file upload-v7.txt (compact mmCIF, C-alpha atoms)
# COMPACT_ATOMS: atom_id res chain seq x y z
CA MET J 21 -10.83 10.80 -26.30
CA PRO J 22 -14.64 10.66 -26.13
CA LYS J 23 -16.38 13.36 -24.13
CA ARG J 24 -16.61 12.68 -20.40
CA LYS J 25 -19.80 10.81 -19.62
CA ARG J 26 -22.10 12.44 -17.10
CA ASP J 27 -23.78 10.56 -14.28
CA ILE J 28 -21.41 7.62 -14.19
CA ASP J 29 -22.45 5.14 -11.51
CA PRO J 30 -19.14 4.25 -9.78
CA GLU J 31 -20.36 0.77 -8.79
CA GLU J 32 -21.54 0.03 -12.32
CA ALA J 33 -18.31 1.43 -13.77
CA LYS J 34 -16.23 -0.74 -11.43
CA LYS J 35 -18.19 -3.81 -12.47
CA LYS J 36 -17.47 -3.09 -16.14
CA VAL J 37 -13.77 -2.43 -15.46
CA LEU J 38 -13.26 -5.64 -13.50
CA GLU J 39 -15.27 -7.66 -16.03
CA TYR J 40 -12.98 -6.33 -18.77
CA CYS J 41 -9.90 -7.53 -16.85
CA LEU J 42 -11.28 -11.03 -16.30
CA ARG J 43 -12.59 -11.30 -19.87
CA LYS J 44 -9.11 -10.47 -21.19
CA GLY J 45 -7.42 -13.15 -19.11
CA ALA J 46 -6.69 -11.69 -15.70
CA LEU J 47 -7.26 -14.16 -12.86
CA ALA J 48 -8.00 -11.46 -10.33
CA ALA J 49 -8.57 -7.71 -10.36
CA GLY J 50 -9.46 -5.09 -7.80
CA VAL J 51 -9.45 -1.39 -7.01
CA ALA J 52 -6.86 -0.26 -4.48
CA ASP J 53 -7.56 2.24 -1.74
CA LEU J 54 -5.73 5.34 -2.99
CA ASP J 55 -5.57 6.90 0.49
CA ALA J 56 -3.92 3.77 1.84
CA ILE J 57 -1.33 3.76 -0.96
CA ASN J 58 -0.56 7.42 -0.30
CA ARG J 59 -0.18 6.63 3.40
CA ILE J 60 2.35 3.87 2.73
CA ALA J 61 4.28 4.84 -0.42
CA PRO J 62 7.06 7.40 0.03
CA ALA J 63 6.89 10.83 -1.60
CA GLY J 64 7.82 10.66 -5.25
CA HIS J 65 6.34 7.19 -5.66
CA ARG J 66 2.67 7.86 -5.04
CA PRO J 67 0.12 7.53 -7.84
CA ASN J 68 -0.43 11.29 -8.05
CA ASP J 69 3.32 11.76 -8.59
CA MET J 70 2.72 10.12 -11.94
CA MET J 71 -0.86 11.19 -12.67
CA PRO J 72 -1.76 14.36 -10.73
CA ARG J 73 -5.55 13.92 -10.88
CA VAL J 74 -5.67 10.18 -10.35
CA LYS J 75 -8.75 9.02 -8.48
CA SER J 76 -8.47 5.24 -8.75
CA VAL J 77 -5.77 2.58 -8.93
CA ILE J 78 -6.80 -0.69 -10.58
CA SER J 79 -4.61 -3.74 -10.09
CA LEU J 80 -4.87 -7.00 -12.01
CA GLY J 81 -3.02 -10.29 -11.83
CA VAL J 82 -2.32 -13.02 -14.39
CA GLY J 83 -1.24 -16.57 -13.76
CA GLY J 84 2.31 -17.84 -13.87
CA GLN J 85 3.69 -20.59 -16.04
CA THR J 86 2.28 -24.08 -16.68
CA GLN J 87 2.71 -26.87 -14.15
CA GLY J 88 5.25 -28.43 -16.49
CA ALA J 89 7.38 -25.29 -16.48
CA TRP J 90 7.91 -25.56 -12.74
CA THR J 91 9.73 -28.86 -13.29
CA VAL J 92 12.32 -27.76 -15.86
CA PRO J 93 15.94 -26.83 -15.08
CA ALA J 94 16.37 -23.33 -13.68
CA LYS J 95 18.46 -22.21 -16.64
CA ALA J 96 15.51 -22.90 -18.95
CA MET J 97 12.94 -21.46 -16.55
CA ALA J 98 15.00 -18.25 -16.51
CA PHE J 99 14.08 -17.65 -20.15
CA PHE J 100 10.36 -18.31 -20.04
CA GLY J 101 9.21 -18.36 -16.43
CA SER J 102 7.91 -14.81 -16.30
CA THR J 103 4.46 -14.08 -17.69
CA GLU J 104 4.18 -10.42 -16.73
CA GLY J 105 3.84 -9.35 -20.37
CA ARG J 106 0.31 -10.72 -20.42
CA ALA J 107 -0.61 -8.55 -17.42
CA TYR J 108 0.82 -5.45 -19.09
CA THR J 109 -1.12 -6.14 -22.28
CA ILE J 110 -4.41 -6.33 -20.36
CA ALA J 111 -3.60 -3.14 -18.43
CA TYR J 112 -2.73 -1.33 -21.64
CA GLY J 113 -6.07 -2.38 -23.18
CA LEU J 114 -7.94 -1.48 -19.99
CA SER J 115 -6.64 2.09 -20.06
CA PHE J 116 -8.07 2.51 -23.58
CA PHE J 117 -11.30 0.78 -22.53
CA ILE J 118 -11.78 3.29 -19.68
CA GLU J 119 -11.14 6.31 -21.88
CA ARG J 120 -13.44 5.00 -24.63
CA THR J 121 -16.23 3.85 -22.31
CA PHE J 122 -16.27 6.58 -19.68
CA GLY J 123 -14.44 9.50 -21.25
CA GLU J 124 -12.03 9.68 -18.31
CA ARG J 125 -8.23 9.68 -18.60
CA ALA J 126 -6.39 6.45 -17.81
CA ILE J 127 -2.80 5.20 -18.03
CA TYR J 128 -1.11 1.85 -18.08
CA THR J 129 1.33 2.30 -15.18
CA PRO J 130 4.94 1.73 -16.25
CA PRO J 131 6.29 -1.21 -14.27
CA ASP J 132 9.81 0.14 -14.64
CA ILE J 133 12.59 1.53 -12.50
CA ASP J 134 13.04 5.18 -11.55
CA PRO J 135 15.83 6.30 -13.88
CA GLU J 136 17.14 8.80 -11.33
CA LEU J 137 17.50 6.23 -8.58
CA GLY J 138 19.15 3.21 -10.16
CA PRO J 139 17.94 -0.30 -10.86
CA ARG J 140 16.45 -1.15 -7.46
CA VAL J 141 13.88 1.60 -7.00
CA PRO J 142 10.67 1.33 -9.02
CA LEU J 143 8.66 4.32 -10.21
CA GLN J 144 5.63 2.79 -8.49
CA SER J 145 5.13 -0.28 -6.34
CA LEU J 146 2.81 -2.57 -8.30
CA LYS J 147 3.05 -4.90 -5.32
CA LEU J 148 1.56 -2.29 -3.00
CA HIS J 149 -1.23 -1.57 -5.51
CA ALA J 150 -2.11 -5.27 -5.72
CA GLU J 151 -1.96 -5.72 -1.96
CA MET J 152 -4.26 -2.74 -1.36
CA ALA J 153 -6.60 -4.00 -4.10
CA GLY J 154 -6.94 -7.27 -2.20
CA ILE J 155 -5.51 -9.59 -4.85
CA GLY J 156 -2.35 -10.67 -3.04
CA ALA J 157 -0.77 -10.82 0.42
CA ARG J 158 2.89 -10.57 1.41
CA SER J 159 4.73 -13.84 1.87
CA LEU J 160 7.81 -14.89 3.80
CA ALA J 161 9.52 -15.18 0.41
CA GLY J 162 10.75 -11.60 0.30
CA ASP J 163 7.22 -10.17 0.33
CA ILE J 164 6.29 -11.76 -3.01
CA LEU J 165 2.49 -11.57 -3.08
CA LEU J 166 0.50 -14.79 -2.96
CA HIS J 167 -3.17 -15.47 -3.56
CA PRO J 168 -5.00 -18.28 -1.73
CA GLU J 169 -6.69 -19.54 -4.92
CA TYR J 170 -4.37 -18.50 -7.74
CA GLY J 171 -1.02 -18.79 -5.98
CA TYR J 172 1.73 -16.81 -7.66
CA MET J 173 0.67 -14.08 -10.09
CA TYR J 174 2.18 -11.24 -12.07
CA PHE J 175 0.62 -7.83 -11.59
CA ALA J 176 -0.06 -4.69 -13.59
CA SER J 177 -1.71 -1.42 -12.62
CA VAL J 178 -3.87 1.19 -14.30
CA PHE J 179 -4.32 4.74 -12.96
CA THR J 180 -7.43 6.63 -13.91
CA GLU J 181 -9.33 9.82 -13.20
CA LEU J 182 -12.48 7.72 -13.14
CA GLU J 183 -13.78 7.41 -9.59
CA LEU J 184 -14.26 3.81 -8.49
CA PRO J 185 -15.09 2.42 -5.04
CA PRO J 186 -12.01 0.73 -3.56
CA ASP J 187 -11.63 -2.84 -2.33
CA GLY J 188 -9.70 -3.63 0.81
CA PRO J 189 -6.67 -5.85 1.41
CA MET J 190 -7.22 -9.58 1.90
CA ARG J 191 -8.69 -10.57 5.26
CA GLU J 192 -6.36 -13.53 5.62
CA ASN J 193 -2.79 -14.10 4.51
CA PRO J 194 -2.32 -17.55 2.91
CA CYS J 195 1.41 -17.58 3.81
CA PRO J 196 2.69 -19.62 5.55
CA ALA J 197 0.90 -22.77 4.37
CA PRO J 198 0.34 -25.47 7.02
CA SER J 199 3.10 -27.66 5.56
CA CYS J 200 5.54 -24.72 5.77
CA VAL J 201 4.59 -24.16 9.42
CA SER J 202 5.32 -27.84 10.11
CA MET J 203 8.71 -27.59 8.44
CA TYR J 204 9.49 -24.41 10.34
CA ARG J 205 8.61 -26.09 13.65
CA SER J 206 10.96 -28.92 12.73
CA ILE J 207 14.05 -27.16 11.29
CA GLY J 208 13.47 -23.44 11.90
CA ARG J 209 13.07 -22.63 8.22
CA THR J 210 10.37 -22.75 5.57
CA PRO J 211 11.00 -24.25 2.11
CA CYS J 212 11.54 -20.82 0.52
CA MET J 213 14.17 -19.99 3.14
CA LYS J 214 15.90 -23.35 2.92
CA PHE J 215 16.23 -23.57 -0.84
CA CYS J 216 17.06 -19.98 -1.78
CA PRO J 217 20.35 -20.22 -3.75
CA VAL J 218 21.76 -17.06 -2.14
CA GLN J 219 20.09 -17.55 1.26
CA CYS J 220 18.43 -14.14 1.07
CA LEU J 221 15.37 -15.14 3.14
CA SER J 222 14.86 -15.68 6.84
CA GLY J 223 12.07 -15.08 9.31
CA THR J 224 9.94 -16.42 12.11
CA ILE J 225 6.44 -17.84 12.52
CA ASP J 226 4.45 -17.24 15.67
CA GLU J 227 2.61 -19.79 17.84
CA ASP J 228 -0.60 -19.31 15.85
CA GLY J 229 1.14 -20.17 12.60
CA ASN J 230 1.22 -16.59 11.30
CA GLN J 231 4.16 -14.62 9.97
CA ALA J 232 5.98 -12.97 12.89
CA GLU J 233 9.02 -11.57 11.08
CA MET J 234 10.19 -11.52 7.48
CA ASN J 235 13.80 -10.71 6.60
CA TYR J 236 14.82 -10.16 3.02
CA ASP J 237 18.28 -9.42 1.63
CA MET J 238 17.18 -7.85 -1.65
CA ALA J 239 20.77 -7.16 -2.67
CA ALA J 240 21.60 -10.87 -2.57
CA CYS J 241 18.37 -11.70 -4.39
CA ALA J 242 19.28 -9.20 -7.12
CA GLU J 243 22.37 -11.25 -7.95
CA MET J 244 20.05 -14.00 -9.15
CA THR J 245 17.10 -12.04 -10.41
CA GLN J 246 18.33 -8.82 -11.94
CA GLN J 247 20.87 -9.97 -14.47
CA TYR J 248 20.85 -6.60 -16.21
CA GLU J 249 22.81 -5.33 -13.20
CA THR J 250 25.53 -7.82 -14.09
CA ILE J 251 26.31 -6.03 -17.33
CA SER J 252 27.96 -2.93 -15.87
CA SER J 253 29.79 -5.05 -13.29
CA VAL J 254 31.16 -7.33 -16.01
CA MET J 255 32.24 -4.31 -18.07
CA ASN J 256 34.02 -2.91 -15.03
CA GLU J 257 35.80 -6.23 -14.48
CA VAL J 258 36.79 -6.36 -18.13
CA MET J 259 38.23 -2.85 -18.11
CA SER J 260 40.09 -3.54 -14.87
CA ALA J 261 41.58 -6.82 -16.11
CA ALA J 262 45.29 -7.16 -15.42
CA SER J 263 46.13 -8.74 -18.77
CA ALA J 264 44.80 -9.19 -22.28
CA GLU J 265 44.21 -12.88 -21.58
CA GLU J 266 42.17 -12.11 -18.49
CA ARG J 267 40.18 -9.49 -20.36
CA GLU J 268 39.50 -11.90 -23.20
CA SER J 269 38.38 -14.70 -20.90
CA LEU J 270 36.06 -12.37 -18.99
CA LEU J 271 34.46 -11.07 -22.17
CA HIS J 272 34.04 -14.47 -23.73
CA LYS J 273 32.86 -16.50 -20.76
CA PRO J 274 29.72 -18.40 -21.85
CA GLU J 275 27.57 -16.81 -19.14
CA HIS J 276 28.80 -13.35 -20.09
CA LYS J 277 28.23 -13.88 -23.80
CA THR J 278 24.72 -14.97 -22.90
CA LEU J 279 24.11 -11.44 -21.64
CA TRP J 280 24.68 -10.07 -25.15
CA TYR J 281 22.35 -12.73 -26.52
CA LYS J 282 19.61 -11.73 -24.10
CA MET J 283 20.01 -8.07 -24.93
CA SER J 284 20.04 -8.65 -28.67
CA VAL J 285 16.87 -10.75 -28.66
CA GLY J 286 15.17 -8.51 -26.11
CA SER J 287 14.75 -11.47 -23.80
CA GLY J 288 12.80 -10.96 -20.59
CA GLY J 289 15.36 -13.35 -19.15
CA LEU J 290 17.45 -10.37 -18.05
CA LEU J 291 15.19 -9.85 -15.06
CA ALA J 292 13.43 -11.92 -12.43
CA GLN J 293 14.95 -15.18 -13.63
CA CYS J 294 15.26 -17.04 -10.33
CA PHE J 295 12.16 -18.98 -9.31
CA GLU J 296 13.62 -21.24 -6.62
CA CYS J 297 11.60 -19.84 -3.69
CA MET J 298 8.37 -20.05 -5.68
CA ARG J 299 9.23 -23.50 -7.05
CA VAL J 300 9.11 -24.93 -3.53
CA CYS J 301 6.18 -22.81 -2.31
CA PRO J 302 3.03 -24.92 -1.88
CA ILE J 303 0.81 -21.88 -2.39
CA ALA J 304 2.57 -20.56 -5.49
CA THR J 305 2.30 -23.78 -7.44
CA GLN J 306 -0.37 -25.84 -5.67
CA ALA J 307 -3.08 -23.34 -4.73
CA PRO J 308 -6.49 -24.67 -5.88
CA LEU J 309 -6.53 -22.68 -9.13
CA ALA J 310 -2.80 -22.10 -9.68
CA ASP J 311 -2.81 -24.92 -12.20
CA PRO J 312 -4.16 -23.78 -15.62
CA ILE J 313 -5.78 -27.18 -16.19
CA ARG J 314 -7.66 -26.94 -12.89
CA ARG J 315 -8.73 -23.43 -13.80
CA LEU J 316 -10.15 -24.68 -17.08
CA GLU J 317 -12.01 -27.48 -15.31
CA ALA J 318 -13.40 -25.02 -12.76
CA ALA J 319 -14.51 -22.67 -15.54
CA GLU J 320 -16.21 -25.53 -17.38
CA ASP J 321 -17.97 -26.63 -14.20
CA ALA J 322 -19.16 -23.08 -13.58
CA ALA J 323 -20.45 -22.79 -17.15
CA GLU J 324 -22.32 -26.09 -16.80
CA GLU J 325 -23.91 -24.94 -13.55
CA ALA J 326 -24.94 -21.66 -15.12
CA ALA J 327 -26.52 -23.49 -18.07
CA GLU J 328 -28.61 -25.75 -15.80
CA MET Q 15 36.48 18.30 -18.86
CA ALA Q 16 39.48 16.16 -17.98
CA GLY Q 17 39.37 14.67 -14.50
CA TYR Q 18 35.80 15.81 -13.80
CA THR Q 19 34.05 12.69 -12.58
CA LEU Q 20 30.66 11.66 -11.31
CA TYR Q 21 32.17 11.82 -7.82
CA ASP Q 22 32.79 15.53 -8.38
CA GLN Q 23 29.28 16.07 -9.73
CA ALA Q 24 27.71 14.38 -6.73
CA GLY Q 25 30.07 15.98 -4.23
CA VAL Q 26 31.31 12.62 -3.02
CA THR Q 27 34.82 11.41 -2.21
CA GLU Q 28 36.10 7.86 -1.85
CA ASP Q 29 36.48 8.55 1.87
CA MET Q 30 32.75 9.31 2.05
CA VAL Q 31 31.93 6.05 0.26
CA GLU Q 32 34.11 4.29 2.81
CA GLU Q 33 32.48 6.10 5.73
CA PHE Q 34 28.82 6.01 4.69
CA GLY Q 35 28.55 3.17 2.16
CA GLU Q 36 27.64 0.31 4.46
CA ARG Q 37 25.30 2.46 6.59
CA ILE Q 38 23.44 3.85 3.60
CA PHE Q 39 23.18 0.39 2.08
CA ARG Q 40 21.71 -1.07 5.28
CA MET Q 41 19.30 1.86 5.76
CA SER Q 42 18.01 1.54 2.17
CA HIS Q 43 15.52 -1.09 1.07
CA ASN Q 44 18.33 -3.45 0.06
CA ILE Q 45 17.82 -5.05 3.46
CA GLN Q 46 14.19 -5.40 4.58
CA THR Q 47 12.61 -6.53 7.82
CA ARG Q 48 8.86 -6.69 8.29
CA ILE Q 49 7.25 -7.50 11.63
CA GLY Q 50 3.75 -8.95 11.39
CA ASP Q 51 1.54 -7.86 8.49
CA PRO Q 52 1.01 -4.11 9.00
CA TYR Q 53 0.21 -3.07 5.41
CA ARG Q 54 -2.51 -5.65 4.93
CA MET Q 55 -3.92 -4.77 8.36
CA LYS Q 56 -3.63 -1.02 7.67
CA ASP Q 57 -1.95 -0.66 11.04
CA TRP Q 58 -0.63 2.85 10.46
CA ASP Q 59 1.33 3.08 13.69
CA GLU Q 60 3.22 -0.08 12.76
CA VAL Q 61 3.64 1.07 9.16
CA ASP Q 62 5.35 4.22 10.43
CA ALA Q 63 7.35 2.35 13.08
CA GLN Q 64 8.66 -0.07 10.46
CA ARG Q 65 9.71 2.42 7.79
CA GLU Q 66 13.36 2.11 8.74
CA GLY Q 67 13.20 -1.67 8.85
CA MET Q 68 11.59 -1.87 5.42
CA GLY Q 69 14.09 0.59 3.97
CA LEU Q 70 14.24 4.36 3.73
CA THR Q 71 14.31 6.48 0.60
CA ASP Q 72 17.47 8.33 -0.32
CA GLY Q 73 15.83 11.56 0.84
CA GLU Q 74 15.01 10.10 4.24
CA ILE Q 75 18.53 8.70 4.61
CA ALA Q 76 20.01 12.07 3.62
CA VAL Q 77 18.14 13.80 6.44
CA LYS Q 78 19.33 11.22 8.98
CA LEU Q 79 22.98 11.40 7.90
CA ASP Q 80 23.05 15.13 7.17
CA LEU Q 81 23.97 14.56 3.51
CA GLU Q 82 22.51 15.76 0.22
CA VAL Q 83 20.06 13.42 -1.54
CA GLU Q 84 22.34 13.26 -4.58
CA GLN Q 85 25.23 12.15 -2.38
CA VAL Q 86 23.15 9.37 -0.86
CA THR Q 87 21.92 8.18 -4.26
CA PHE Q 88 25.44 8.16 -5.65
CA ILE Q 89 26.94 6.29 -2.70
CA ARG Q 90 24.05 3.81 -2.53
CA THR Q 91 24.11 2.89 -6.20
CA LEU Q 92 27.91 2.68 -6.22
CA PHE Q 93 27.88 0.48 -3.14
CA GLU Q 94 25.20 -1.75 -4.66
CA SER Q 95 27.38 -2.28 -7.72
CA ARG Q 96 30.52 -2.98 -5.73
CA ARG Q 97 28.75 -5.60 -3.61
CA PHE Q 98 27.14 -7.27 -6.60
CA ARG Q 99 28.68 -10.73 -7.04
CA THR Q 100 28.46 -11.64 -10.72
CA GLY Q 101 29.56 -15.22 -10.06
CA HIS Q 102 26.55 -16.26 -7.98
CA TYR Q 103 24.25 -16.44 -10.97
CA LYS Q 104 25.93 -19.66 -12.09
CA ARG Q 105 24.32 -21.43 -9.13
CA LEU Q 106 21.04 -21.37 -11.03
CA TYR Q 107 22.51 -23.50 -13.82
CA LYS Q 108 22.71 -26.48 -11.48
CA LEU Q 109 19.18 -26.19 -10.08
CA GLY Q 110 15.73 -27.24 -11.12
CA GLY Q 111 14.66 -30.46 -12.78
CA GLY Q 112 14.36 -31.99 -9.31
CA LYS Q 113 17.56 -30.45 -7.91
CA ARG Q 114 17.36 -27.95 -5.07
CA TYR Q 115 19.98 -25.63 -3.66
CA ARG Q 116 22.26 -27.19 -1.04
CA PRO Q 117 24.91 -24.92 0.48
CA GLU Q 118 27.35 -27.82 0.90
CA ARG Q 119 27.46 -28.23 -2.89
CA GLU Q 120 28.91 -24.74 -3.28
CA ASN Q 121 32.12 -25.58 -1.39
call {"tool": "encode", "arguments": {"input": "upload-v7.txt", "output": "structure tokens"}}
result
Amino acid sequence: MPKRKRDIDPEEAKKKVLEYCLRKGALAAGVADLDAINRIAPAGHRPNDMMPRVKSVISLGVGGQTQGAWTVPAKAMAFFGSTEGRAYTIAYGLSFFIERTFGERAIYTPPDIDPELGPRVPLQSLKLHAEMAGIGARSLAGDILLHPEYGYMYFASVFTELELPPDGPMRENPCPAPSCVSMYRSIGRTPCMKFCPVQCLSGTIDEDGNQAEMNYDMAACAEMTQQYETISSVMNEVMSAASAEERESLLHKPEHKTLWYKMSVGSGGLLAQCFECMRVCPIATQAPLADPIRRLEAAEDAAEEAAE
Amino acid sequence: MAGYTLYDQAGVTEDMVEEFGERIFRMSHNIQTRIGDPYRMKDWDEVDAQREGMGLTDGEIAVKLDLEVEQVTFIRTLFESRRFRTGHYKRLYKLGGGKRYRPEREN
């Protein structure tokens, strides 16, 4: 690693870091308030539990799938709906960029589960990092973060010993959208609540049209979104089968054989494969710049204005 | 060693799973309730007041139930697996392409 640079201007360094993220394809990036994360995250899951001398947490978000992808059958969307890999690639590059440019240590934060605590406890909450960096706000859809311009994004984090001035959380929460408030006033549910295939969402909206209460049954959601958890359950069913025929039919069910396919090809389709709440969310898919074509048009307009 | 199971290692019996399973599951972040928007607002009093609603860690649950952390982790993860319904995933195969979930179609 290059020698630590002296006299780094934190504001200038932050500008370079965020420019790197956007240049590499992130739609939004920010620096989270480390003190706020430490105040919220439980012991064992704070940034300094992973990197003892961390001074800054950078969060970045990339866009979801194309507009066309939102229209395909769910069983196809399950294979290619997630775009988080792009976010991780940018974060990985950013950690090298920081070390090379500023001579300060940096890590791409593993987005994975805590191996001591099972499949539902992450090492770090990338959601909390993004929220505290001001690039997403919690929605009624199980606290999935939404952005008023970019809609639904995938997030990645970088921890670094480089000191950067933090951003704050968003001033406004885009969820619920006005059309969701209208639907709630009419039937007592928002689209995400109504169309969830396992009915894992419920909540209330107050008189001002803001979120009053959000209820999320993560265990039910996991049945649709964390298919890797199915594998041990299926194996248990197979081993407990009462007869050879039952065992054979359990092992060779098409949906069970698909699990082996996904594992053998390393498909990301083993996790986060259900998009039904986001499919019907007007912010996730219809926010002004959620659509990649609109983003391109906006970028071209901005370039034209800059050239004039 | 014959007969030495993960139950033994964690100091858990089936009776304990029966007694604590549902409580631990509900106290963990498997079930989450958030009132208002306290994290975004940095409303620390509300953040603290809502820790139980948003789900406690195994360590926090252990203190409340007078158990060891390892016992809570074992019971929680076992209970999560036992509740996991492998058959629900098939619902996704019928959705999308203009079709939305309707509970009446499941019966």
call {"tool": "closest_residue", "arguments": {"input": "upload-v7.txt", "among": "J:Glu317, J:Glu233, J:Glu32, J:Glu249", "to": "chain Q", "atoms": "only C-alpha atoms"}}
result
J:Glu233
call {"tool": "atom_distance", "arguments": {"input": "upload-v7.txt", "atom1": "CA of Pro139 in chain J", "atom2": "CA of Met41 in chain Q"}}
result
16.8 Å
call {"tool": "residues_around", "arguments": {"input": "upload-v7.txt", "residues": "Phe34 in chain Q", "least_positions_apart": "4", "cutoff": "10 Å", "atoms": "only C-alpha atoms", "output": "list in words"}}
result
Glu28, Asp29, Met30, Ile38, Phe39, Leu79, Leu81, Val86, Ile89, Arg90 and Phe93 of chain Q
call {"tool": "residues_around", "arguments": {"input": "upload-v7.txt", "residues": "range 186-201 of chain J", "least_positions_apart": "4", "cutoff": "7 Å", "atoms": "all atoms listed in the file", "output": "ChimeraX atom specification"}}
result
/J:50-53,151-155,157,159-160,167-168,205,210-211,229-231,302-303 /Q:54
call {"tool": "interface_residues", "arguments": {"input": "upload-v7.txt", "of": "chain J", "to": "chain Q", "cutoff": "7 Å", "atoms": "only C-alpha atoms", "output": "PyMOL selection string"}}
result
chain J and resi 91-95+137-138+151+189-190+215-217+231-239+243-244+250+253
call {"tool": "atom_distance", "arguments": {"input": "upload-v7.txt", "atom1": "CA of Leu165 in chain J", "atom2": "CA of Lys147 in chain J"}}
result
7.1 Å
call {"tool": "decode", "arguments": {"input": "upload-v7.txt", "residues": "range 311-323 of chain J", "atoms": "N, CA, C and O atoms", "output": "compact mmCIF listing (two decimals), in the first residue's frame"}}
result
# COMPACT_ATOMS: atom_id res chain seq x y z
N ASP J 311 -35.86 4.24 -14.28
CA ASP J 311 -35.81 3.64 -15.61
C ASP J 311 -34.45 3.96 -16.26
O ASP J 311 -34.08 5.13 -16.41
N PRO J 312 -33.67 2.95 -16.65
CA PRO J 312 -32.35 3.20 -17.25
C PRO J 312 -32.41 4.09 -18.49
O PRO J 312 -31.48 4.87 -18.75
N ILE J 313 -33.50 4.01 -19.25
CA ILE J 313 -33.59 4.84 -20.46
C ILE J 313 -33.75 6.31 -20.06
O ILE J 313 -33.12 7.20 -20.62
N ARG J 314 -34.59 6.53 -19.04
CA ARG J 314 -34.75 7.92 -18.55
C ARG J 314 -33.45 8.45 -17.98
O ARG J 314 -33.13 9.62 -18.10
N ARG J 315 -32.70 7.58 -17.33
CA ARG J 315 -31.41 8.02 -16.77
C ARG J 315 -30.47 8.44 -17.88
O ARG J 315 -29.76 9.44 -17.78
N LEU J 316 -30.48 7.68 -18.96
CA LEU J 316 -29.60 8.01 -20.09
C LEU J 316 -30.01 9.36 -20.68
O LEU J 316 -29.16 10.22 -20.96
N GLU J 317 -31.33 9.54 -20.85
CA GLU J 317 -31.82 10.81 -21.40
C GLU J 317 -31.44 11.99 -20.50
O GLU J 317 -31.01 13.04 -20.97
N ALA J 318 -31.59 11.78 -19.19
CA ALA J 318 -31.23 12.84 -18.24
C ALA J 318 -29.75 13.15 -18.30
O ALA J 318 -29.34 14.32 -18.25
N ALA J 319 -28.93 12.11 -18.45
CA ALA J 319 -27.47 12.31 -18.52
C ALA J 319 -27.11 13.07 -19.80
O ALA J 319 -26.25 13.95 -19.80
N GLU J 320 -27.79 12.72 -20.90
CA GLU J 320 -27.52 13.40 -22.17
C GLU J 320 -27.93 14.87 -22.10
O GLU J 320 -27.22 15.75 -22.59
N ASP J 321 -29.09 15.11 -21.47
CA ASP J 321 -29.54 16.49 -21.30
C ASP J 321 -28.54 17.30 -20.47
O ASP J 321 -28.21 18.44 -20.79
N ALA J 322 -28.05 16.67 -19.40
CA ALA J 322 -27.09 17.36 -18.53
C ALA J 322 -25.80 17.66 -19.28
O ALA J 322 -25.21 18.74 -19.12
N ALA J 323 -25.37 16.72 -20.13
CA ALA J 323 -24.13 16.91 -20.89
C ALA J 323 -24.30 18.05 -21.89
O ALA J 323 -23.39 18.86 -22.09
